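Participant: My questions will all concern the structure given below.
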There are 2 protein chains.
Amino acid sequence: MSTTSRMTDRYPSRVAPEPRILERQDPVVWGGAGDGPLTGDQLDRFDRDGVLMLQGVLDGGEVDELLVVADELASRPELRASERTIVEATSDQIRSVFEVHRLSEAIRALASDDRLAGAARQLLGSDVYIHQSRVNFKPAIHGEGFFWHSDFETWHTEDGMPAMRAVSFSVALTENFHFNGPLMVLPGSQNAYVTCVGETPDDHYKHSLRSQEIGTPDDASLHTLAERAGGEIRTQVGPAGSIAIFDCNSMHGSNSNISPFPRSNVFLVYNSVENTLVEPFSASKPRPDFIAAREFTPI
Amino acid sequence: MSTTSRMTDRYPSRVAPEPRILERQDPVVWGGAGDGPLTGDQLDRFDRDGVLMLQGVLDGGEVDELLVVADELASRPELRASERTIVEATSDQIRSVFEVHRLSEAIRALASDDRLAGAARQLLGSDVYIHQSRVNFKPAIHGEGFFWHSDFETWHTEDGMPAMRAVSFSVALTENFHFNGPLMVLPGSQNAYVTCVGETPDDHYKHSLRSQEIGTPDDASLHTLAERAGGEIRTQVGPAGSIAIFDCNSMHGSNSNISPFPRSNVFLVYNSVENTLVEPFSASKPRPDFIAAREFTPI
């Protein structure tokens, strides 16, 4: 970790024997109401909750085109055989395909669409680039959940993202019901950084993208965050084409899906060009570029 | 299986190499509107859907008393050490305690309460007895789901219940949210008997009560049932004290619970005294009495 010694680690994690809850040291909203497509009220809500659910942003035609792309990406044998594709822990069904904005022109166009990129620039108060992109599939009947986690905790420790100045967009390609394992966010949790216990194993991503253990919060911290949230949980429920925007440090997860309705989304992470990656803060080497881009060209 | 040769098996399961969907050969509702506390409209809906969600049947005082009982049952070391208590597959947290109407006077009183037993008699058109009772706990944060299943399939094959003339009452002791893994029922599925593949292993209950594999439906049959249900899924969401009544053959299950809110219920199964158990239809020996009562005294 000598390589990161030039930069102070304001968010140390995976280094202490006990978990702690540290306060956030960065703004949540960096831009203003006039800077992009989001209203002042929307920015205020995002600042308070760390999450904003926008219903029906994409129309049916746009969704259909992306669904075709997602299916095509999931069915390409050379992709399937590559590290870019993650399968479920207990079956061979596809869970995620990574770096999709480089594999599909339609997803590239979506990523640079002002409804998304403009909102990201507005929230982060600067130009932005794509830190990570993926298509997530939660299969019907046997879909596994994602345990609670802060993405920033992983991006900081394993990818070397210095500050909390990144934002995720989850674009629903299928209807999200209460019962097919929708995204859940603890509102307000973006302001609490839960440090995690345990050292990052080598090549951790090969396991963690299927089922994460290191880098997940302890039960007591989760209960604290839930209390701070007043017992509220925000779920992304709504028609295909809806978008959930959430802060890089928002505590989020999803339950399993035994319903006969699969759940798919395009997941795009924007990072500020003023927050580009350095060496990992708590891992022996950075993760591959297809998970954490090291080309910082603004979109 | 020679012991069951005197009774025709109208619902064969775990005997053929491929699953089939057989039509139900028994009524769903056996009594009439004048026979008990349920209205004609409620009986009609139960007949059509195989499930009826009743909000706020028990008041706060009744719920509180039962919660105390449930906690007390979960904390008794001799019960914890016995087969009556089932722990989660991946943790040592308690999932179920069985035969609770014999362990607690309050649950015995609940089981014979006319709001429940009267409705059971009305639905089944006869006197009834308790076939099974349990307290279920779905822990917060690490609560595991129950995969889809028809209770009757197990009660028939493993317990020797001849006909579809039993009904379950799930009494919520905690608020059921969309996000803490509530009970889900496929409406109309009570009329379709999905035969399962695979022989019943010896002492199957020791494993199946934690995580069931034999006796669960195949994906294709589930999709067929979901289509017949018009894509609808009924979830038991509502305040503590609500009751979900569902037919013995209703296809039901629940997702996992990573939310910070545990989910507990008292689960009571009433069987008609005209439908008492014989030898198992597809298992080498019956399950223990604490799972499937063989004392048929009307309640």
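Convention: chains lettered A, B, ... in structure tokens order; per-chain residue numbering from 1; ligands numbered from 1 as shown.
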Any idea which chain B residues end up within 8 Å of chain A if we count only C-alpha atoms, as a ChimeraX atom specification please?
Facilitator: /B:141,145,147-148,178-179,181,219,222-223,226,253-258,260
Participant: Could you write out that same residue set with N, CA and C atoms as an mmCIF file, in the first residue's frame?
Facilitator:
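Output below, filename part-v4.cif:
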```cif
data_model
loop_
_atom_site.group_PDB
_atom_site.id
_atom_site.type_symbol
_atom_site.label_atom_id
_atom_site.label_comp_id
_atom_site.auth_asym_id
_atom_site.auth_seq_id
_atom_site.Cartn_x
_atom_site.Cartn_y
_atom_site.Cartn_z
ATOM 1 N N ILE B 141 -32.209 -9.410 7.975
ATOM 2 C CA ILE B 141 -30.889 -9.322 7.329
ATOM 3 C C ILE B 141 -30.438 -10.642 6.687
ATOM 4 N N GLY B 145 -35.390 -17.605 2.114
ATOM 5 C CA GLY B 145 -36.703 -17.794 1.527
ATOM 6 C C GLY B 145 -37.181 -19.230 1.653
ATOM 7 N N PHE B 147 -38.770 -21.868 -1.041
ATOM 8 C CA PHE B 147 -39.069 -22.022 -2.468
ATOM 9 C C PHE B 147 -40.545 -22.416 -2.645
ATOM 10 N N TRP B 148 -41.067 -22.170 -3.835
ATOM 11 C CA TRP B 148 -42.447 -22.526 -4.157
ATOM 12 C C TRP B 148 -42.739 -23.987 -3.799
ATOM 13 N N HIS B 178 -43.515 -5.421 1.884
ATOM 14 C CA HIS B 178 -43.164 -6.020 0.591
ATOM 15 C C HIS B 178 -41.730 -6.539 0.616
ATOM 16 N N PHE B 179 -40.898 -5.898 1.441
ATOM 17 C CA PHE B 179 -39.466 -6.159 1.314
ATOM 18 C C PHE B 179 -38.902 -7.087 2.387
ATOM 19 N N GLY B 181 -39.755 -10.337 2.676
ATOM 20 C CA GLY B 181 -39.995 -11.723 2.287
ATOM 21 C C GLY B 181 -41.372 -12.236 2.671
ATOM 22 N N ASP B 219 -39.607 -25.809 -13.096
ATOM 23 C CA ASP B 219 -39.782 -24.451 -13.620
ATOM 24 C C ASP B 219 -40.923 -24.348 -14.627
ATOM 25 N N LEU B 222 -44.247 -24.229 -12.982
ATOM 26 C CA LEU B 222 -44.437 -22.936 -12.309
ATOM 27 C C LEU B 222 -44.833 -21.859 -13.300
ATOM 28 N N HIS B 223 -44.164 -21.857 -14.466
ATOM 29 C CA HIS B 223 -44.524 -20.857 -15.477
ATOM 30 C C HIS B 223 -45.962 -21.066 -15.952
ATOM 31 N N ALA B 226 -48.196 -19.692 -13.327
ATOM 32 C CA ALA B 226 -48.149 -18.225 -13.329
ATOM 33 C C ALA B 226 -48.972 -17.663 -14.481
ATOM 34 N N GLY B 253 -44.778 -19.560 -1.621
ATOM 35 C CA GLY B 253 -43.371 -19.497 -1.252
ATOM 36 C C GLY B 253 -43.067 -18.089 -0.784
ATOM 37 N N SER B 254 -41.792 -17.817 -0.517
ATOM 38 C CA SER B 254 -41.413 -16.461 -0.117
ATOM 39 C C SER B 254 -39.958 -16.221 -0.460
ATOM 40 N N ASN B 255 -39.643 -14.963 -0.746
ATOM 41 C CA ASN B 255 -38.264 -14.596 -1.031
ATOM 42 C C ASN B 255 -37.476 -14.427 0.261
ATOM 43 N N SER B 256 -36.188 -14.222 0.099
ATOM 44 C CA SER B 256 -35.315 -14.008 1.251
ATOM 45 C C SER B 256 -35.632 -12.666 1.904
ATOM 46 N N ASN B 257 -35.034 -12.415 3.055
ATOM 47 C CA ASN B 257 -35.244 -11.168 3.775
ATOM 48 C C ASN B 257 -33.911 -10.585 4.230
ATOM 49 N N ILE B 258 -33.381 -9.622 3.440
ATOM 50 C CA ILE B 258 -32.178 -8.923 3.904
ATOM 51 C C ILE B 258 -32.566 -7.633 4.624
ATOM 52 N N PRO B 260 -33.920 -5.069 7.577
ATOM 53 C CA PRO B 260 -33.671 -5.132 9.032
ATOM 54 C C PRO B 260 -34.921 -5.490 9.828
#
```
Participant: If you run DSSP on the backbone here, which positions in stretch 45-102 of chain B get alpha helix (DSSP H)? Please write them as a VMD selection string.
Facilitator: chain B and resid 45 to 49 60 to 75 77 to 80
Participant: Given only C-alpha atoms as the basis, pick out the residue of A:Asp47, A:Asp59, A:Asp151, A:Glu23 nearest to A:Val171.
Facilitator: A:Asp59
Participant: Find the residues around A:Thr297 up to 7 Å (only C-alpha atoms counted), leave out those fewer than 2 positions away in its own chain, and share them as a list in words.
Facilitator: Tyr129, Glu295 and Ile299 of chain A
Participant: Enumerate, as a ChimeraX atom specification, the complete set of residues in stretch 38-233 of chain A that a backbone-based DSSP assignment places in strand (DSSP E).
Facilitator: /A:51-54,85-87,94-98,128-138,146-150,166-172,183-185,192-194
Participant: Show me, as a ChimeraX atom specification, the residues that have an atom within 8 Å of stretch 269-276 of chain B when counting only C-alpha atoms, minus same-chain residues fewer than 5 positions from it.
Facilitator: /B:117,120-121,124-133,161-163,165-169,294,296-298
Participant: Mind writing the picked residues with C-alpha atoms as a tab-separated table (two decimals), in the first residue's frame?
Facilitator:
```tsv
chain	number	residue	atom	x	y	z
B	117	ALA	CA	-61.45	-22.71	13.61
B	120	ALA	CA	-61.77	-23.67	8.83
B	121	ARG	CA	-64.91	-25.70	9.60
B	124	LEU	CA	-63.91	-27.72	4.91
B	125	GLY	CA	-67.59	-28.47	5.63
B	126	SER	CA	-66.94	-30.63	8.69
B	127	ASP	CA	-65.32	-30.72	12.08
B	128	VAL	CA	-61.59	-30.09	11.93
B	129	TYR	CA	-58.46	-30.95	13.88
B	130	ILE	CA	-54.95	-29.46	13.89
B	131	HIS	CA	-52.76	-31.34	11.43
B	132	GLN	CA	-49.71	-29.14	12.04
B	133	SER	CA	-48.84	-25.99	13.96
B	161	MET	CA	-53.29	-37.15	3.72
B	162	PRO	CA	-55.79	-38.61	1.23
B	163	ALA	CA	-57.75	-35.63	-0.15
B	165	ARG	CA	-59.51	-30.99	2.34
B	166	ALA	CA	-57.17	-29.03	4.58
B	167	VAL	CA	-56.50	-25.34	4.96
B	168	SER	CA	-53.67	-23.21	6.39
B	169	PHE	CA	-53.86	-20.03	8.46
B	294	ARG	CA	-52.10	-38.64	14.11
B	296	PHE	CA	-57.66	-36.61	15.15
B	297	THR	CA	-59.71	-35.12	18.00
B	298	PRO	CA	-61.86	-32.23	16.69
```
Participant: At a cut-off of 12 Å, using only C-alpha atoms, what residues contact A:Gly40? Leave out same-chain residues fewer than 6 positions from it and give the result as an mmCIF file with C-alpha atoms, in the first residue's frame.
Facilitator:
```
data_model
loop_
_atom_site.group_PDB
_atom_site.id
_atom_site.type_symbol
_atom_site.label_atom_id
_atom_site.label_comp_id
_atom_site.auth_asym_id
_atom_site.auth_seq_id
_atom_site.Cartn_x
_atom_site.Cartn_y
_atom_site.Cartn_z
ATOM 1 C CA VAL A 29 -24.768 17.023 -4.628
ATOM 2 C CA GLY A 31 -23.953 21.025 -8.857
ATOM 3 C CA GLY A 32 -27.023 23.270 -8.885
ATOM 4 C CA ALA A 33 -30.548 23.351 -10.263
ATOM 5 C CA GLY A 34 -29.574 25.229 -13.402
ATOM 6 C CA PHE A 46 -31.158 13.247 -3.660
ATOM 7 C CA ASP A 47 -29.074 15.229 -1.191
ATOM 8 C CA ALA A 119 -27.999 14.434 -14.587
ATOM 9 C CA GLN A 122 -25.244 18.006 -12.549
ATOM 10 C CA LEU A 123 -25.026 15.807 -9.450
#
```
Participant: Taking into account only C-alpha atoms, which residue in the set A:Val57, A:Met251, A:Val87, A:Ala192 is nearest to A:Pro139?
Facilitator: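 Residue with the minimum atom-to-atom distance to A:Pro139: A:Val87.
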Participant: Considering only C-alpha atoms, return as an mmCIF file with all heavy atoms, in the first residue's frame whatever protein or nucleic-acid residues lie within 9 Å of stretch 15-21 of chain A, sequence-local ones (same chain, fewer than 6 positions apart) excluded.
Facilitator:
```
data_model
loop_
_atom_site.group_PDB
_atom_site.id
_atom_site.type_symbol
_atom_site.label_atom_id
_atom_site.label_comp_id
_atom_site.auth_asym_id
_atom_site.auth_seq_id
_atom_site.Cartn_x
_atom_site.Cartn_y
_atom_site.Cartn_z
ATOM 1 N N ALA A 192 -23.194 7.850 5.762
ATOM 2 C CA ALA A 192 -22.512 7.010 6.751
ATOM 3 C C ALA A 192 -21.636 6.006 6.011
ATOM 4 O O ALA A 192 -22.120 5.239 5.182
ATOM 5 C CB ALA A 192 -23.536 6.277 7.610
ATOM 6 N N TYR A 193 -20.359 6.019 6.323
ATOM 7 C CA TYR A 193 -19.442 5.079 5.681
ATOM 8 C C TYR A 193 -19.164 3.944 6.658
ATOM 9 O O TYR A 193 -18.523 4.151 7.700
ATOM 10 C CB TYR A 193 -18.149 5.799 5.303
ATOM 11 C CG TYR A 193 -17.145 4.929 4.587
ATOM 12 C CD1 TYR A 193 -17.400 4.434 3.309
ATOM 13 C CD2 TYR A 193 -15.921 4.622 5.179
ATOM 14 C CE1 TYR A 193 -16.474 3.655 2.647
ATOM 15 C CE2 TYR A 193 -14.982 3.834 4.510
ATOM 16 C CZ TYR A 193 -15.270 3.362 3.249
ATOM 17 O OH TYR A 193 -14.345 2.583 2.580
ATOM 18 N N VAL A 194 -19.668 2.773 6.346
ATOM 19 C CA VAL A 194 -19.481 1.620 7.226
ATOM 20 C C VAL A 194 -18.179 0.929 6.834
ATOM 21 O O VAL A 194 -18.080 0.357 5.741
ATOM 22 C CB VAL A 194 -20.658 0.627 7.114
ATOM 23 C CG1 VAL A 194 -20.439 -0.551 8.054
ATOM 24 C CG2 VAL A 194 -21.978 1.312 7.411
ATOM 25 N N THR A 195 -17.199 0.987 7.699
ATOM 26 C CA THR A 195 -15.937 0.324 7.377
ATOM 27 C C THR A 195 -16.114 -1.179 7.576
ATOM 28 O O THR A 195 -16.847 -1.617 8.463
ATOM 29 C CB THR A 195 -14.786 0.840 8.262
ATOM 30 O OG1 THR A 195 -14.965 0.321 9.590
ATOM 31 C CG2 THR A 195 -14.774 2.351 8.303
ATOM 32 N N CYS A 196 -15.472 -1.932 6.726
ATOM 33 C CA CYS A 196 -15.657 -3.387 6.740
ATOM 34 C C CYS A 196 -14.418 -4.066 7.302
ATOM 35 O O CYS A 196 -13.318 -3.518 7.296
ATOM 36 C CB CYS A 196 -15.964 -3.900 5.339
ATOM 37 S SG CYS A 196 -17.472 -3.170 4.661
ATOM 38 N N VAL A 197 -14.635 -5.281 7.759
ATOM 39 C CA VAL A 197 -13.590 -6.053 8.418
ATOM 40 C C VAL A 197 -13.085 -7.125 7.452
ATOM 41 O O VAL A 197 -13.845 -7.647 6.648
ATOM 42 C CB VAL A 197 -14.168 -6.691 9.702
ATOM 43 C CG1 VAL A 197 -13.200 -7.684 10.315
ATOM 44 C CG2 VAL A 197 -14.525 -5.598 10.706
ATOM 45 N N GLY A 198 -11.833 -7.452 7.530
ATOM 46 C CA GLY A 198 -11.283 -8.525 6.697
ATOM 47 C C GLY A 198 -10.446 -7.957 5.569
ATOM 48 O O GLY A 198 -10.804 -6.951 4.962
ATOM 49 N N GLU A 199 -9.305 -8.601 5.294
ATOM 50 C CA GLU A 199 -8.451 -8.139 4.203
ATOM 51 C C GLU A 199 -9.014 -8.567 2.857
ATOM 52 O O GLU A 199 -9.625 -9.622 2.733
ATOM 53 C CB GLU A 199 -7.053 -8.746 4.361
ATOM 54 C CG GLU A 199 -6.078 -7.832 5.051
ATOM 55 C CD GLU A 199 -4.676 -8.428 5.016
ATOM 56 O OE1 GLU A 199 -4.200 -8.840 3.942
ATOM 57 O OE2 GLU A 199 -4.062 -8.499 6.094
ATOM 58 N N PRO A 217 -21.339 -4.953 5.055
ATOM 59 C CA PRO A 217 -21.429 -4.383 6.406
ATOM 60 C C PRO A 217 -21.845 -5.421 7.435
ATOM 61 O O PRO A 217 -22.460 -6.432 7.111
ATOM 62 C CB PRO A 217 -22.507 -3.321 6.247
ATOM 63 C CG PRO A 217 -23.369 -3.832 5.139
ATOM 64 C CD PRO A 217 -22.446 -4.543 4.188
ATOM 65 N N ASP A 218 -21.536 -5.144 8.687
ATOM 66 C CA ASP A 218 -21.957 -5.995 9.798
ATOM 67 C C ASP A 218 -23.410 -5.687 10.168
ATOM 68 O O ASP A 218 -23.939 -4.619 9.842
ATOM 69 C CB ASP A 218 -21.049 -5.753 10.997
ATOM 70 C CG ASP A 218 -21.090 -4.297 11.448
ATOM 71 O OD1 ASP A 218 -20.680 -3.417 10.663
ATOM 72 O OD2 ASP A 218 -21.571 -4.033 12.571
ATOM 73 N N SER A 221 -24.176 -2.372 12.278
ATOM 74 C CA SER A 221 -24.128 -1.137 11.493
ATOM 75 C C SER A 221 -25.366 -1.012 10.608
ATOM 76 O O SER A 221 -25.925 0.077 10.445
ATOM 77 C CB SER A 221 -22.863 -1.104 10.625
ATOM 78 O OG SER A 221 -21.707 -1.109 11.432
ATOM 79 N N SER A 282 -6.900 -0.546 -0.434
ATOM 80 C CA SER A 282 -6.807 -1.714 0.452
ATOM 81 C C SER A 282 -6.880 -3.023 -0.331
ATOM 82 O O SER A 282 -7.682 -3.900 -0.027
ATOM 83 C CB SER A 282 -7.923 -1.653 1.505
ATOM 84 O OG SER A 282 -7.647 -2.525 2.566
#
```
Participant: For a test of reading the model, state the distance in Å between atom CA of B:Met7 and atom CA of B:Val278, rounded to one decimal.
Facilitator: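 Between these atoms lies a distance of 8.8 Å.
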Participant: Write out as JSON, numbers by chain each polymer residue whose atoms come within 7 Å of A:Asp26, counting only C-alpha atoms; drop sequence neighbours fewer than 2 positions from it.
Facilitator: {"A": [24, 28, 163, 164]}
Participant: Output the selection as a compact mmCIF listing (two decimals), in the first residue's frame - all heavy atoms for each residue.
Facilitator:
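Dumped to selection.txt:
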```
# COMPACT_ATOMS: atom_id res chain seq x y z
N ARG A 24 -19.47 10.91 6.27
CA ARG A 24 -19.07 11.30 4.93
C ARG A 24 -18.32 12.63 4.96
O ARG A 24 -18.72 13.53 5.71
CB ARG A 24 -20.33 11.42 4.08
CG ARG A 24 -20.09 11.77 2.63
CD ARG A 24 -21.42 12.05 1.92
NE ARG A 24 -21.19 12.26 0.50
CZ ARG A 24 -21.50 11.37 -0.44
NH1 ARG A 24 -22.10 10.24 -0.11
NH2 ARG A 24 -21.25 11.62 -1.71
N VAL A 28 -22.86 15.46 -1.28
CA VAL A 28 -23.62 14.47 -2.04
C VAL A 28 -23.99 15.07 -3.41
O VAL A 28 -23.83 14.43 -4.44
CB VAL A 28 -24.89 14.06 -1.26
CG1 VAL A 28 -25.74 13.10 -2.09
CG2 VAL A 28 -24.51 13.43 0.08
N ALA A 163 -12.58 9.83 -3.67
CA ALA A 163 -13.65 10.55 -2.96
C ALA A 163 -15.02 9.99 -3.34
O ALA A 163 -15.19 9.28 -4.33
CB ALA A 163 -13.60 12.04 -3.30
N MET A 164 -16.01 10.36 -2.52
CA MET A 164 -17.40 10.02 -2.83
C MET A 164 -17.93 11.04 -3.83
O MET A 164 -18.59 12.01 -3.47
CB MET A 164 -18.23 10.04 -1.55
CG MET A 164 -17.86 8.93 -0.56
SD MET A 164 -18.94 8.95 0.88
CE MET A 164 -18.23 7.63 1.88
```
Participant: Using only C-alpha atoms, which of the listed residues (A:Gly188, A:Thr154, A:Gly241, A:Arg76) sits closest to A:Gly61?
Facilitator: A:Gly241
Participant: Rounded to one decimal, what separation in Å do you get between atom CA of A:Asp202 and atom CA of A:Asp289?
Facilitator: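 Between atom CA of A:Asp202 and atom CA of A:Asp289 the gap is 16.0 Å.
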Participant: Using only C-alpha atoms, pick whichever of B:Leu38, B:Leu268, B:Val63, B:Leu22 has the shortest atom-to-atom distance to B:Asn136.
Facilitator: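 Going through B:Leu38, B:Leu268, B:Val63, B:Leu22 one by one, the smallest distance to B:Asn136 is for B:Leu268.
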Participant: What separation in Å, quoted to one decimal, exists between atom CA of B:Asp92 and atom CA of A:Thr200?
Facilitator: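 Atom-to-atom, atom CA of B:Asp92 to atom CA of A:Thr200, that is 26.4 Å.
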